[in-house]
Amino acid sequence: PMLKPFDFADIQITGTIFDTYITAVDGMNFYLIDQHAAHERIFYEKLVGEYENSDKARQPIMVPIMINVSLATSENKFDWLDALEKMGFTIAEFGQNTYRVSEIPMFMELSEAEDFINEFIENIQNSTNLSNSVVINKLIMMSCKAAIKANDKLSSAEIAALIKDLSACINPFSCPHGRPTFIKLTRYEIKKMFKRV
C-alpha cells in the first residue's frame, strides 16, 4: 500500500507545556512539537530558499540596522556582503567599518534579522570560503539562534502560524542540526505506559 505522507492538517493543537512544547492530537496519536526546533527548520529552509532564488522578496525598514565590524571583517566585505545580498538583505557601507542595512528578507521580523546578521558576521571570521555552499549552509545553521527559543510564550495565532509554516517545509521532521521537531506517541503506546494493555 502507498504510504500516506504526514499531514499537519490532521492534527489538532491542544495547548503548550513549559512554554516550550506544543501539544497536539489526531484520532490515534499524541504529539509534542518542539517550538524552537520547528522554527529553526522553518527559518533554515526559508533562508536557503532565498539564497538560491534569483528573485528576492525584501521589505524596507524605517530605521536602518547599523552594523559595526572589525577591520579584518571589513577587508573581506565583498564575500560576506554578497552572501547577505543573496539571502535577501540590502546592505551597504556607511562609513569606516560600518554598514547600513535598509532591507531585510520578507519572512523575517526586524529583531530576527538583526540577530541573524550579527551572528552571521561573527561566524564568518572562522570561514575562508564563503562561496562554498557547504560553508554557507553551516553558517546559516549556526545562525539559527534567531529562532523562537524554549520558554518563549506563544499566542494561539503564533502557534497556528508556526505549524502552518512547518507543514510547508521540505523536511518538517527535524531541525537543521538533526534534532526532531516533534515526537509522536500512539494511543497504544500511551495505554502500555499505564499498563492498560
# chains A, B, ... in the order shown; residues from 1 in each chain; ligands from 1

$ residues_around --residues "Ser102 of chain A" --least-positions-apart "2" --cutoff "8 Å" --atoms "only C-alpha atoms" --output "list in words"
Pro60, Ile61, Met62, Val63, Pro64, Ile65, Phe89, Thr90, Ile91, Arg100 and Ile104 of chain A

$ write_last_selection --atoms "N, CA, C and O atoms" --output "JSON list (two decimals), in the first residue's frame"
[["chain", "number", "residue", "atom", "x", "y", "z"],
["A", 60, "PRO", "N", 11.51, 46.89, 3.05],
["A", 60, "PRO", "CA", 12.29, 48.02, 3.56],
["A", 60, "PRO", "C", 11.98, 48.26, 5.03],
["A", 60, "PRO", "O", 10.87, 47.97, 5.49],
["A", 61, "ILE", "N", 12.96, 48.73, 5.77],
["A", 61, "ILE", "CA", 12.75, 49.02, 7.19],
["A", 61, "ILE", "C", 12.88, 50.53, 7.42],
["A", 61, "ILE", "O", 13.71, 51.19, 6.79],
["A", 62, "MET", "N", 12.05, 51.07, 8.29],
["A", 62, "MET", "CA", 12.02, 52.52, 8.51],
["A", 62, "MET", "C", 13.32, 53.04, 9.11],
["A", 62, "MET", "O", 13.85, 54.06, 8.67],
["A", 63, "VAL", "N", 13.82, 52.31, 10.13],
["A", 63, "VAL", "CA", 15.07, 52.72, 10.77],
["A", 63, "VAL", "C", 16.11, 51.67, 10.41],
["A", 63, "VAL", "O", 16.00, 50.52, 10.85],
["A", 64, "PRO", "N", 17.10, 52.02, 9.59],
["A", 64, "PRO", "CA", 18.09, 51.02, 9.16],
["A", 64, "PRO", "C", 18.84, 50.40, 10.33],
["A", 64, "PRO", "O", 19.01, 51.03, 11.39],
["A", 65, "ILE", "N", 19.28, 49.17, 10.14],
["A", 65, "ILE", "CA", 20.13, 48.49, 11.13],
["A", 65, "ILE", "C", 21.56, 48.89, 10.83],
["A", 65, "ILE", "O", 22.03, 48.79, 9.70],
["A", 89, "PHE", "N", 19.05, 40.47, 2.02],
["A", 89, "PHE", "CA", 19.33, 41.72, 2.72],
["A", 89, "PHE", "C", 19.84, 42.75, 1.72],
["A", 89, "PHE", "O", 20.51, 42.42, 0.75],
["A", 90, "THR", "N", 19.53, 44.03, 1.98],
["A", 90, "THR", "CA", 20.14, 45.12, 1.23],
["A", 90, "THR", "C", 21.04, 45.85, 2.21],
["A", 90, "THR", "O", 20.58, 46.43, 3.20],
["A", 91, "ILE", "N", 22.35, 45.77, 1.94],
["A", 91, "ILE", "CA", 23.33, 46.28, 2.90],
["A", 91, "ILE", "C", 24.42, 47.03, 2.14],
["A", 91, "ILE", "O", 24.82, 46.61, 1.06],
["A", 100, "ARG", "N", 25.14, 49.73, 6.66],
["A", 100, "ARG", "CA", 23.74, 50.12, 6.86],
["A", 100, "ARG", "C", 22.85, 49.11, 6.14],
["A", 100, "ARG", "O", 22.98, 48.90, 4.94],
["A", 104, "ILE", "N", 15.37, 43.89, 4.58],
["A", 104, "ILE", "CA", 15.58, 42.56, 5.15],
["A", 104, "ILE", "C", 14.67, 41.56, 4.43],
["A", 104, "ILE", "O", 13.71, 41.98, 3.77]]

$ residues_around --residues "Met108 of chain A" --least-positions-apart "5" --cutoff "12 Å" --atoms "only C-alpha atoms" --output "ChimeraX atom specification"
/A:39,42-44,46-47,50,57-61,87-89,103,113-117,146-148

$ write_last_selection --atoms "C-alpha atoms" --output "mmCIF file, in the first residue's frame"
data_model
loop_
_atom_site.group_PDB
_atom_site.id
_atom_site.type_symbol
_atom_site.label_atom_id
_atom_site.label_comp_id
_atom_site.auth_asym_id
_atom_site.auth_seq_id
_atom_site.Cartn_x
_atom_site.Cartn_y
_atom_site.Cartn_z
ATOM 1 C CA HIS A 39 11.176 27.373 13.967
ATOM 2 C CA ILE A 42 11.309 26.926 9.015
ATOM 3 C CA PHE A 43 13.944 29.655 9.296
ATOM 4 C CA TYR A 44 16.617 27.481 7.674
ATOM 5 C CA LYS A 46 13.268 29.920 4.024
ATOM 6 C CA LEU A 47 16.779 31.354 4.211
ATOM 7 C CA GLU A 50 16.035 32.962 -0.513
ATOM 8 C CA ALA A 57 11.337 39.183 -1.525
ATOM 9 C CA ARG A 58 12.577 42.089 0.594
ATOM 10 C CA GLN A 59 10.931 44.502 2.966
ATOM 11 C CA PRO A 60 12.288 48.023 3.555
ATOM 12 C CA ILE A 61 12.746 49.024 7.192
ATOM 13 C CA MET A 87 19.878 35.869 1.357
ATOM 14 C CA GLY A 88 17.633 38.894 0.803
ATOM 15 C CA PHE A 89 19.331 41.722 2.717
ATOM 16 C CA GLU A 103 16.008 45.994 3.584
ATOM 17 C CA ALA A 113 17.131 39.997 11.019
ATOM 18 C CA GLU A 114 19.385 41.968 13.347
ATOM 19 C CA ASP A 115 20.253 38.871 15.409
ATOM 20 C CA PHE A 116 20.902 36.870 12.256
ATOM 21 C CA ILE A 117 23.247 39.447 10.695
ATOM 22 C CA ALA A 146 17.468 33.772 15.919
ATOM 23 C CA ALA A 147 14.677 31.172 16.063
ATOM 24 C CA ILE A 148 11.966 31.129 18.747
#

$ closest_atom_pairs --of "segment 5-94 of chain A" --to "segment 181-193 of chain A" --cutoff "9 Å" --atoms "only C-alpha atoms" --output "CSV"
residue,atom,partner,partner_atom,distance
A:Tyr21,CA,A:Phe182,CA,8.8
A:Ile22,CA,A:Phe182,CA,8.9
A:Gly27,CA,A:Arg187,CA,8.8
A:Met28,CA,A:Arg187,CA,5.4
A:Asn29,CA,A:Thr186,CA,4.3
A:Phe30,CA,A:Leu185,CA,5.2
A:Tyr31,CA,A:Lys184,CA,4.6
A:Leu32,CA,A:Phe182,CA,5.4
A:Ile33,CA,A:Phe182,CA,4.1
A:Asp34,CA,A:Thr181,CA,5.4
A:Gln35,CA,A:Thr181,CA,7.5
A:His36,CA,A:Thr181,CA,8.1
A:Ala37,CA,A:Thr181,CA,5.1
A:Ala38,CA,A:Thr181,CA,5.0
A:His39,CA,A:Thr181,CA,8.7
A:Glu40,CA,A:Thr181,CA,8.9
A:Arg41,CA,A:Thr181,CA,8.0

$ residues_around --residues "Thr14 of chain A" --least-positions-apart "6" --cutoff "9 Å" --atoms "only C-alpha atoms" --output "count of residues only"
4

$ atom_distance --atom1 "atom CA of Cys169 of chain A" --atom2 "atom CA of Phe107 of chain A"
13.9 Å

$ select_by_dssp --residues "segment 44-187 of chain A" --states "strand (DSSP E)" --output "VMD selection string"
chain A and resid 58 to 68 90 to 93 98 to 105 182 to 186

$ residues_around --residues "segment 158-168 of chain A" --least-positions-apart "3" --cutoff "6 Å" --atoms "only C-alpha atoms" --output "PDB file with N, CA and C atoms, in the first residue's frame"
ATOM      1  N   PHE A   8      -0.077  17.709   8.488  1.00  0.00           N
ATOM      2  CA  PHE A   8      -0.293  18.517   9.688  1.00  0.00           C
ATOM      3  C   PHE A   8      -1.739  18.976   9.800  1.00  0.00           C
ATOM      4  N   ILE A  42      12.003  25.953   9.874  1.00  0.00           N
ATOM      5  CA  ILE A  42      11.309  26.926   9.015  1.00  0.00           C
ATOM      6  C   ILE A  42      12.282  28.014   8.571  1.00  0.00           C
ATOM      7  N   LEU A 154       4.093  31.674  23.342  1.00  0.00           N
ATOM      8  CA  LEU A 154       3.476  31.954  22.052  1.00  0.00           C
ATOM      9  C   LEU A 154       1.961  32.070  22.178  1.00  0.00           C
ATOM     10  N   SER A 155       1.380  32.969  21.393  1.00  0.00           N
ATOM     11  CA  SER A 155      -0.074  33.091  21.357  1.00  0.00           C
ATOM     12  C   SER A 155      -0.638  31.972  20.484  1.00  0.00           C
ATOM     13  N   PRO A 172       9.931  18.583   7.420  1.00  0.00           N
ATOM     14  CA  PRO A 172       9.386  19.125   8.672  1.00  0.00           C
ATOM     15  C   PRO A 172       9.737  18.295   9.901  1.00  0.00           C
TER      16      PRO A 172
END

$ select_by_dssp --residues "segment 2-180 of chain A" --states "helix (DSSP H, G or I)" --output "JSON, numbers by chain"
{"A": [8, 9, 10, 35, 36, 37, 38, 39, 40, 41, 42, 43, 44, 45, 46, 47, 48, 49, 50, 51, 52, 71, 72, 73, 74, 75, 77, 78, 79, 80, 81, 82, 83, 84, 85, 86, 87, 110, 111, 112, 113, 114, 115, 116, 117, 118, 119, 120, 121, 122, 123, 124, 133, 134, 135, 136, 137, 138, 139, 140, 141, 142, 143, 144, 145, 146, 156, 157, 158, 159, 160, 161, 162, 163, 164, 165, 166, 167]}

$ closest_residue --among "A:Ile124, A:Val197, A:Met141, A:Ala150" --to "Ser70 of chain A" --atoms "only C-alpha atoms"
A:Ile124

$ residues_around --residues "Asn97 of chain A" --least-positions-apart "5" --cutoff "12 Å" --atoms "only C-alpha atoms" --output "PDB file with C-alpha atoms, in the first residue's frame"
ATOM      1  CA  MET A  66      23.664  49.768  11.678  1.00  0.00           C
ATOM      2  CA  ILE A  67      26.367  47.086  11.846  1.00  0.00           C
ATOM      3  CA  ASN A  68      29.905  47.745  13.091  1.00  0.00           C
ATOM      4  CA  VAL A  69      32.561  45.191  12.148  1.00  0.00           C
ATOM      5  CA  SER A  70      36.254  44.665  12.753  1.00  0.00           C
ATOM      6  CA  LEU A  71      38.853  45.919  10.279  1.00  0.00           C
ATOM      7  CA  ALA A  72      39.664  42.324   9.228  1.00  0.00           C
ATOM      8  CA  THR A  73      35.981  41.579   8.568  1.00  0.00           C
ATOM      9  CA  SER A  74      35.598  44.819   6.620  1.00  0.00           C
ATOM     10  CA  GLU A  75      38.565  43.912   4.402  1.00  0.00           C
ATOM     11  CA  ASN A  76      36.707  40.733   3.334  1.00  0.00           C
ATOM     12  CA  LYS A  77      33.443  42.628   2.868  1.00  0.00           C
ATOM     13  CA  ALA A  92      25.879  48.979   2.031  1.00  0.00           C
TER      14      ALA A  92
END

$ atom_distance --atom1 "atom CA of Lys56 of chain A" --atom2 "atom CA of Asn171 of chain A"
22.2 Å

$ residues_around --residues "Asp26 of chain A" --least-positions-apart "6" --cutoff "8 Å" --atoms "only C-alpha atoms" --output "number ranges by chain"
A: 10-12

$ atom_distance --atom1 "atom CA of Ile13 of chain A" --atom2 "atom CA of Asn151 of chain A"
18.0 Å
